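Okay, structure first, notes after.
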Amino acid sequence: MSYKTILSVLTEEKLGDLTLEHGYALAEAQGAHLDILCIGVDRTPGGYFRNGSNPMLMQEALTQAAEQAEALAQHARDWLHDASIAWSVETGSTPLPDVARTVAGRARFSDLVVLPKPYGKDHGIELVPVIEGALFEGLTPVMVVPDDTTPMVTPERVVLAWNGSAECLRAVRASLPVLAAAKVVHVVLVDPPGGKAAISGDGYLARYLTRHGVEVEIDVLAKRGRRVSDILVSHEREVGGQMIVMGAYGHSRFREAILGGATRNMLEQAEVPVLMAH
């Protein structure tokens with residue numbers, strides 16, 4: 001099993017190379033096709049042009065977004081010029097409220113979406129809806145890569161957060177190409193019901209992964225008043241993990257998918273790539 005179509009979304013050139021590097025490395029390792037979607041975002045505040053403003057200003061904003069998309073696309077084409085993998089670049093422009101919908105329509109026909117970390121200095125406000133669009137509307141797993149990380153083709157140690165939820169199970173299945181290539185996968189249970197006795201209850205997961213050639217270690221950790229994201233990041237450092245796999249959680253607010261607290265906290269802290277599925 002391997003990924004065949006990997007999508008990367010570019011909205012800003014300063015984060016473009018990071019996304020391209022990780023997407024390219026993974027596509028090369030998996031023998032996958034790398035699709036690049038370059039989106040020009042009209043960040044004009046919603047409703048501004050509907051309050052009697054000059055329609056020419058609205059057209060100018062849309063034109064600037066289209067020009068931004070084309071500039072990103074040209075940068076991607078130049079970057080991939082001598083690539084040894086199959087790739088394609090396409091453009092699109094959209095107002096900020098429609099970013100998630102635009103990404104979702106493209107992500108749903110991909111096996112994995114590679115995106116930059118949505119939080120940090122000089123990170124655009126459109127990066128959160130890009131992730132939400134891929135995860136919640138596109139129903140496609142996403143690998144989020146923090147700033148200043150080296151592309152990790154085959155992580156040797158992976159930390160897999162497990163609580164038995166449907167989101168976790170989807171993350172397991174979505175990450176199988178990565179898990180099977182790792183030397184060790186640490187399945188982490190935080191304060192599971194029944195304590196250590198829960199290990200036997202999650203034996204089905206270990207057996208499932210083992211049949212895919214995964215070397216599994218089950219780590220049962222105590223919460224002790226800490227956030228789950230803090231526990232996972234700390235354990236990842238302790239075992240030398242090079243990737244975290246977890247379910248992505250959100251909740252509906254005004255009919256839009258909003259990243260849940262645990263997911264948001266993880267993306268804020270992550271120092272290694274995080275592969276998520278909803």
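We name chains A, B, ... following the order of the structure tokens; residues begin at 1 in each chain, and ligands are numbered from 1 as shown.
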Secondary structure check, helix (DSSP H, G or I) residues of segment 2-154 of chain A, as a PyMOL selection string: chain A and resi 13-30+48-50+55-79+96-107+127-137
Output C-alpha atoms for every residue in the selection just made, as a compact mmCIF listing (two decimals), in the first residue's frame.
# COMPACT_ATOMS: atom_id res chain seq x y z
CA GLU A 13 5.64 32.03 -1.31
CA LYS A 14 7.59 32.28 1.97
CA LEU A 15 6.10 28.94 3.10
CA GLY A 16 6.04 27.47 -0.39
CA ASP A 17 9.51 25.92 -0.42
CA LEU A 18 8.90 24.15 2.89
CA THR A 19 5.67 22.62 1.58
CA LEU A 20 7.24 21.70 -1.73
CA GLU A 21 10.24 20.03 -0.06
CA HIS A 22 8.11 17.81 2.13
CA GLY A 23 5.59 17.02 -0.59
CA TYR A 24 8.34 16.21 -3.08
CA ALA A 25 10.26 13.95 -0.69
CA LEU A 26 7.16 11.98 0.20
CA ALA A 27 6.01 11.69 -3.42
CA GLU A 28 9.44 10.47 -4.47
CA ALA A 29 9.53 7.86 -1.69
CA GLN A 30 6.01 6.65 -2.43
CA TYR A 48 -16.65 45.71 2.56
CA PHE A 49 -17.58 45.95 -1.10
CA ARG A 50 -21.29 45.46 -0.43
CA PRO A 55 -17.10 47.92 -7.85
CA MET A 56 -13.77 48.67 -9.50
CA LEU A 57 -12.08 48.10 -6.15
CA MET A 58 -13.70 44.68 -5.90
CA GLN A 59 -12.44 43.76 -9.35
CA GLU A 60 -8.97 45.01 -8.46
CA ALA A 61 -8.88 42.78 -5.37
CA LEU A 62 -9.90 39.75 -7.42
CA THR A 63 -7.31 40.58 -10.07
CA GLN A 64 -4.59 40.83 -7.43
CA ALA A 65 -5.59 37.43 -6.03
CA ALA A 66 -5.38 35.88 -9.51
CA GLU A 67 -1.95 37.46 -10.05
CA GLN A 68 -0.79 36.14 -6.69
CA ALA A 69 -1.91 32.62 -7.65
CA GLU A 70 -0.03 32.78 -10.93
CA ALA A 71 3.12 34.05 -9.21
CA LEU A 72 2.94 31.12 -6.78
CA ALA A 73 2.40 28.73 -9.68
CA GLN A 74 5.43 30.06 -11.55
CA HIS A 75 7.53 29.67 -8.42
CA ALA A 76 6.35 26.06 -8.07
CA ARG A 77 7.06 25.30 -11.74
CA ASP A 78 10.56 26.71 -11.44
CA TRP A 79 11.15 24.71 -8.25
CA LEU A 96 -11.08 34.24 2.28
CA PRO A 97 -14.48 32.79 3.37
CA ASP A 98 -14.39 30.32 0.46
CA VAL A 99 -10.86 29.00 1.00
CA ALA A 100 -11.97 25.83 2.82
CA ARG A 101 -14.50 24.96 0.12
CA THR A 102 -11.93 25.51 -2.64
CA VAL A 103 -9.36 23.26 -0.96
CA ALA A 104 -11.94 20.58 -0.12
CA GLY A 105 -13.02 20.22 -3.73
CA ARG A 106 -9.45 19.45 -4.73
CA ALA A 107 -8.35 17.48 -1.66
CA LEU A 127 -3.85 28.50 6.61
CA VAL A 128 -6.40 27.32 9.20
CA PRO A 129 -9.30 27.12 6.70
CA VAL A 130 -6.95 25.37 4.25
CA ILE A 131 -6.41 22.59 6.81
CA GLU A 132 -10.07 22.52 7.82
CA GLY A 133 -11.17 22.29 4.21
CA ALA A 134 -8.95 19.29 3.52
CA LEU A 135 -9.75 17.48 6.78
CA PHE A 136 -13.42 18.19 7.50
CA GLU A 137 -14.91 18.91 4.08
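Residues of segment 194-247 of chain A that DSSP, applied to the backbone, places in strand (DSSP E or B): Val216, Glu217, Ile218, Asp219, Val220, Leu221, Met243, Ile244, Val245, Met246 and Gly247 of chain A.
Considering only C-alpha atoms, the residue among A:Ala86, A:Ile125, A:Val159, A:Ala32 positioned nearest to Glu12 of chain A is A:Ile125.
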Closest of A:Leu221, A:Asp82, A:Arg43, A:Val114 to Val9 of chain A - atom-to-atom distances counting only C-alpha atoms: A:Val114
Who sits within 6 Å of Val145 of chain A, only C-alpha atoms, same chain under 4 positions skipped, as a PyMOL selection string: chain A and resi 116-117+273
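Using only C-alpha atoms, the smallest distance between any of A:Leu179, A:Val187, A:Val41, A:Leu209 and Asn163 of chain A comes from A:Val187.
Between Gly203 of chain A and the candidates A:Ile218, A:Ile85, A:Val185, A:Val190, the tightest atom-to-atom separation, counting only C-alpha atoms, involves A:Ile218.
In terms of minimum interatomic distance to Arg237 of chain A, A:Ala270 ranks closest within A:Arg264, A:Pro95, A:Tyr204, A:Ala270, counting only C-alpha atoms.
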Non-local contacts of Asp111 of chain A (12 Å; only C-alpha atoms; under 6 positions in same chain excluded) as a VMD selection string: chain A and resid 1 to 8 26 to 27 30 32 to 35 134 to 135 138 to 143 173 to 177 277
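When only C-alpha atoms are used to compute distances to Glu268 of chain A, the closest of the residues A:Val178, A:Leu205, A:Ile231, A:Val144 turns out to be A:Val144.
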